[in-house]
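Reading through the structure tokens given below for one structure.
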Amino acid sequence: MNNPTPAIPAQPLIETAQLLAALQAAVTSTLDRKRRLGHYAVVWQDGRPVAIGEDRPDTGTDPLDMPDQSPP
């Protein structure tokens with residue numbers, strides 16, 4: 001017996017929209033708090049994680065290009 005794939009609604013459900021709004025508000029609030037406290041945050045830009053903020057780590061190199069320093 002074949003079960004057809006349920007149709008995806010063209011518009012997001014009300015619950016989905018409310019969840020998205022709540023998540024966006026939480027992220028906005030957290031980033032604003034970090035900025036006011038002078039803490040850095042890591043965000044996604046141009047397909048890569050990027051540290052933003054005045055106290056972001058400055059290693060002089062891209063942390064993604066650094067060798068793995070975890071213990072063996």
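In the structure tokens, the first chain shown is A, the next is B, and so on; residue numbers restart at 1 for each chain, and ligands run from 1 in the order shown.
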
Using only C-alpha atoms, which protein or nucleic acid residues come within 12 Å of Val50 (chain A)? Drop anything in the same chain fewer than 3 positions from it, and give the result as a list in words.
Tyr40, Ala41, Val42, Val43, Trp44, Gln45, Asp46, Gly47, Gly53, Arg56, Pro57, Asp58, Asp62, Pro63 and Leu64 of chain A

May I have the selected residues written with N, CA, C and O atoms, as a short mmCIF file (atom, residue, chain, number, x, y, z; two decimals), in the first residue's frame?
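And here's selection-v2.cif as it stands now:
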data_model
loop_
_atom_site.label_atom_id
_atom_site.label_comp_id
_atom_site.auth_asym_id
_atom_site.auth_seq_id
_atom_site.Cartn_x
_atom_site.Cartn_y
_atom_site.Cartn_z
N TYR A 40 31.64 38.73 22.67
CA TYR A 40 31.57 38.42 21.25
C TYR A 40 30.52 37.33 21.01
O TYR A 40 30.07 36.65 21.92
N ALA A 41 30.13 37.19 19.77
CA ALA A 41 29.19 36.15 19.36
C ALA A 41 29.71 35.53 18.08
O ALA A 41 30.48 36.14 17.34
N VAL A 42 29.31 34.32 17.83
CA VAL A 42 29.68 33.64 16.59
C VAL A 42 28.42 33.54 15.75
O VAL A 42 27.40 33.03 16.20
N VAL A 43 28.50 34.08 14.54
CA VAL A 43 27.37 34.06 13.61
C VAL A 43 27.80 33.43 12.30
O VAL A 43 29.00 33.24 12.06
N TRP A 44 26.85 33.12 11.47
CA TRP A 44 27.12 32.50 10.17
C TRP A 44 27.11 33.59 9.10
O TRP A 44 26.12 34.28 8.95
N GLN A 45 28.24 33.77 8.40
CA GLN A 45 28.33 34.75 7.32
C GLN A 45 29.05 34.12 6.14
O GLN A 45 30.11 33.50 6.32
N ASP A 46 28.51 34.29 4.97
CA ASP A 46 29.13 33.79 3.74
C ASP A 46 29.49 32.31 3.83
O ASP A 46 30.56 31.88 3.40
N GLY A 47 28.62 31.54 4.47
CA GLY A 47 28.83 30.10 4.55
C GLY A 47 29.85 29.64 5.57
O GLY A 47 30.27 28.48 5.55
N GLY A 53 32.23 41.15 17.43
CA GLY A 53 32.25 41.81 18.72
C GLY A 53 33.64 42.27 19.06
O GLY A 53 34.64 41.81 18.49
N ARG A 56 36.25 39.58 20.46
CA ARG A 56 36.36 38.31 19.75
C ARG A 56 37.81 37.84 19.77
O ARG A 56 38.73 38.66 19.78
N PRO A 57 38.02 36.55 19.79
CA PRO A 57 39.39 36.04 19.76
C PRO A 57 40.10 36.47 18.49
O PRO A 57 39.53 36.42 17.41
N ASP A 58 41.31 36.94 18.62
CA ASP A 58 42.09 37.36 17.47
C ASP A 58 43.35 36.52 17.42
O ASP A 58 44.35 36.84 18.05
N ASP A 62 42.53 32.25 10.53
CA ASP A 62 41.17 31.75 10.55
C ASP A 62 41.14 30.49 11.40
O ASP A 62 41.88 29.54 11.14
N PRO A 63 40.30 30.45 12.45
CA PRO A 63 40.28 29.27 13.32
C PRO A 63 39.93 27.99 12.59
O PRO A 63 40.34 26.91 12.99
N LEU A 64 39.23 28.09 11.48
CA LEU A 64 38.88 26.88 10.74
C LEU A 64 40.06 26.33 9.98
O LEU A 64 40.07 25.16 9.59
#

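Between CA of Thr28 (chain A) and CA of Asp55 (chain A) the interatomic distance comes to 18.9 Å.
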